[in-house]
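Engineer: The structure that follows is given in the form of structure tokens.
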Amino acid sequence: MTRDELIRPVPALLKEHAELAPERVAYADSARGVTYAGLERRTRALAGYLTRTGLARGDRVAICLGNRVEMVESCLAVLRAGLVGVPLDPRSSDAELAHFLKDSRAAFVITDAAHLVRLRRLGPPYEGLGALVTGPGPVPEGARSFHSAVESDGPAEIDTLGLDDPAWMLYTSGTTHRPKGVLSTQRAALWSVAACYAPI
């Protein structure tokens with residue numbers, strides 16, 4: 001692929017991979033894997049679900065999951081829904097999580113049951129965030145199941161985010177000052193791949 005072919009909206013690249021190598025494993029963790037076809041289908045359904053929750057284009061969605069397949073699915077689905085993903089380190093302290101949620105103005109969160117309890121403990125307005133919860137076990141009151149969301153179906157307008165529209169808010173390490181949220185685009189994320197890795 002040439003540089004220009006790589007710097008295209010991520011959903012277009014995802015659909016292309018699903019057509020060319022549908023059964024190839026795209027991502028795997030110690031619990032499960034997902035093929036490219038499955039990744040495209042699941043992120044499409046999850047994006048559609050998110051658009052039906054009342055979230056508006058550009059709203060921030062915090063994603064507080066560790067290194068797992070659901071983290072990748074969430075980042076892609078949030079982008080496909082036209083929202084801004086805010087990946088958070090689940091090992092962050094309560095004070096750090098409160099800062100990230102307040103600073104990002106997150107309107108929704110995708111996490112697991114244990115971390116949702118932590119986030120709700122932070123008090124107003126965090127206990128009222130809309131939430132999707134991954135993992136086994138009962139879904140906490142007021143939250144919805146991630147599994148049911150990725151299996152949902154319904155009308156949705158997705159895959160409309162431009163290459164230069166905000167797609168993610170990434171937080172700096174905070175080594176010299178309080179962590180700051182930096183907006184990033186699809187073009188920014190793909191540029192290093194196209195410029196550095198693809199030629200190799």
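Residues in the structure tokens are named by chain (A, B, ... in the order shown) and by number from 1 within that chain; ligands are numbered from 1 in the order shown.
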Find the spatial neighbours of stretch 117-125 of chain A, counting only C-alpha atoms, within a cut-off of 12 Å - ignore same-chain residues fewer than 5 positions away - and output them as a PyMOL selection string.

Structural biologist: chain A and resi 62-64+88+90-102+105-112+130-131+133+139-143

Engineer: Which residues are near A:Ala21? Cut-off 12 Å, only C-alpha atoms, ignore same chain within fewer than 4 positions. Put them as a list of chain:residue names.

Structural biologist: A:Leu13, A:Leu14, A:Lys15, A:Glu16, A:His17, A:Val25, A:Ala26, A:Thr35, A:Tyr36, A:Ala37, A:Gly38, A:Leu39, A:Glu40

Engineer: Just to confirm, what's the straight-line distance from atom CA of A:Asp59 to atom CA of A:Val84 in Å (one decimal)?

Structural biologist: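 These two atoms are separated by 6.0 Å.
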
Engineer: Which one of A:Glu127, A:Asp103, A:Asp29, A:Glu151 sits closest to A:Gly181 if you count only C-alpha atoms?

Structural biologist: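 Among A:Glu127, A:Asp103, A:Asp29, A:Glu151, it is A:Asp103 that comes nearest to A:Gly181.
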
Engineer: Could you make a table, as JSON lines, of the residues of stretch 20-112 of chain A that have an atom within 9 Å of an atom of stretch 161-175 of chain A, each with its nearest atom pair and distance in Å to one decimal, counting only C-alpha atoms, in chain and number order?

Structural biologist:
{"residue": "A:Arg57", "atom": "CA", "partner": "A:Leu161", "partner_atom": "CA", "distance": 8.9}
{"residue": "A:Gly58", "atom": "CA", "partner": "A:Pro166", "partner_atom": "CA", "distance": 7.4}
{"residue": "A:Arg60", "atom": "CA", "partner": "A:Met169", "partner_atom": "CA", "distance": 8.2}
{"residue": "A:Cys75", "atom": "CA", "partner": "A:Trp168", "partner_atom": "CA", "distance": 8.3}
{"residue": "A:Val78", "atom": "CA", "partner": "A:Ala167", "partner_atom": "CA", "distance": 8.2}
{"residue": "A:Leu79", "atom": "CA", "partner": "A:Ala167", "partner_atom": "CA", "distance": 5.8}
{"residue": "A:Arg80", "atom": "CA", "partner": "A:Leu161", "partner_atom": "CA", "distance": 7.1}
{"residue": "A:Ala81", "atom": "CA", "partner": "A:Leu161", "partner_atom": "CA", "distance": 8.0}
{"residue": "A:Gly82", "atom": "CA", "partner": "A:Leu161", "partner_atom": "CA", "distance": 5.3}
{"residue": "A:Leu83", "atom": "CA", "partner": "A:Ala167", "partner_atom": "CA", "distance": 6.7}
{"residue": "A:Val84", "atom": "CA", "partner": "A:Ala167", "partner_atom": "CA", "distance": 4.7}
{"residue": "A:Gly85", "atom": "CA", "partner": "A:Trp168", "partner_atom": "CA", "distance": 4.5}
{"residue": "A:Val86", "atom": "CA", "partner": "A:Met169", "partner_atom": "CA", "distance": 5.0}
{"residue": "A:Pro87", "atom": "CA", "partner": "A:Leu170", "partner_atom": "CA", "distance": 6.7}
{"residue": "A:Leu88", "atom": "CA", "partner": "A:Tyr171", "partner_atom": "CA", "distance": 8.1}
{"residue": "A:Phe100", "atom": "CA", "partner": "A:Tyr171", "partner_atom": "CA", "distance": 8.0}
{"residue": "A:Ser104", "atom": "CA", "partner": "A:Met169", "partner_atom": "CA", "distance": 7.6}

Engineer: Apply DSSP to the structure's backbone, then extract all residues of stretch 81-131 of chain A labelled alpha helix (DSSP H) and return them as a PDB file with C-alpha atoms, in the first residue's frame.

Structural biologist:
ATOM      1  CA  ASP A  94      -9.117   7.958  41.939  1.00  0.00           C
ATOM      2  CA  ALA A  95      -7.814  11.535  41.844  1.00  0.00           C
ATOM      3  CA  GLU A  96      -6.370  11.008  38.359  1.00  0.00           C
ATOM      4  CA  LEU A  97      -9.587   9.427  37.059  1.00  0.00           C
ATOM      5  CA  ALA A  98     -11.636  12.301  38.490  1.00  0.00           C
ATOM      6  CA  HIS A  99      -9.332  14.793  36.740  1.00  0.00           C
ATOM      7  CA  PHE A 100      -9.545  12.950  33.401  1.00  0.00           C
ATOM      8  CA  LEU A 101     -13.341  12.701  33.530  1.00  0.00           C
ATOM      9  CA  LYS A 102     -13.792  16.340  34.531  1.00  0.00           C
ATOM     10  CA  ASP A 103     -11.207  17.700  32.097  1.00  0.00           C
ATOM     11  CA  SER A 104     -12.454  15.643  29.142  1.00  0.00           C
ATOM     12  CA  ALA A 113     -17.983  -3.679  36.623  1.00  0.00           C
ATOM     13  CA  ALA A 114     -15.165  -3.159  39.145  1.00  0.00           C
ATOM     14  CA  HIS A 115     -13.988   0.088  37.555  1.00  0.00           C
ATOM     15  CA  LEU A 116     -17.538   1.364  37.195  1.00  0.00           C
ATOM     16  CA  VAL A 117     -17.909   1.034  40.978  1.00  0.00           C
ATOM     17  CA  ARG A 118     -14.708   3.088  41.373  1.00  0.00           C
ATOM     18  CA  LEU A 119     -15.905   5.772  38.960  1.00  0.00           C
ATOM     19  CA  ARG A 120     -19.283   6.050  40.659  1.00  0.00           C
ATOM     20  CA  ARG A 121     -17.547   6.415  44.027  1.00  0.00           C
TER      21      ARG A 121
END

Engineer: Out of stretch 32-183 of chain A, which residues get strand (DSSP E) from DSSP, as a PyMOL selection string?

Structural biologist: chain A and resi 33-35+60-64+84-88+106-112+130-134+144-145+166-171+181-183

Engineer: As an exercise, work out the distance from atom CA of A:Ala194 to atom CA of A:Leu6 in Å and give it to one decimal place.

Structural biologist: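 Computing the Euclidean distance for atom CA of A:Ala194 and atom CA of A:Leu6 yields 6.1 Å.
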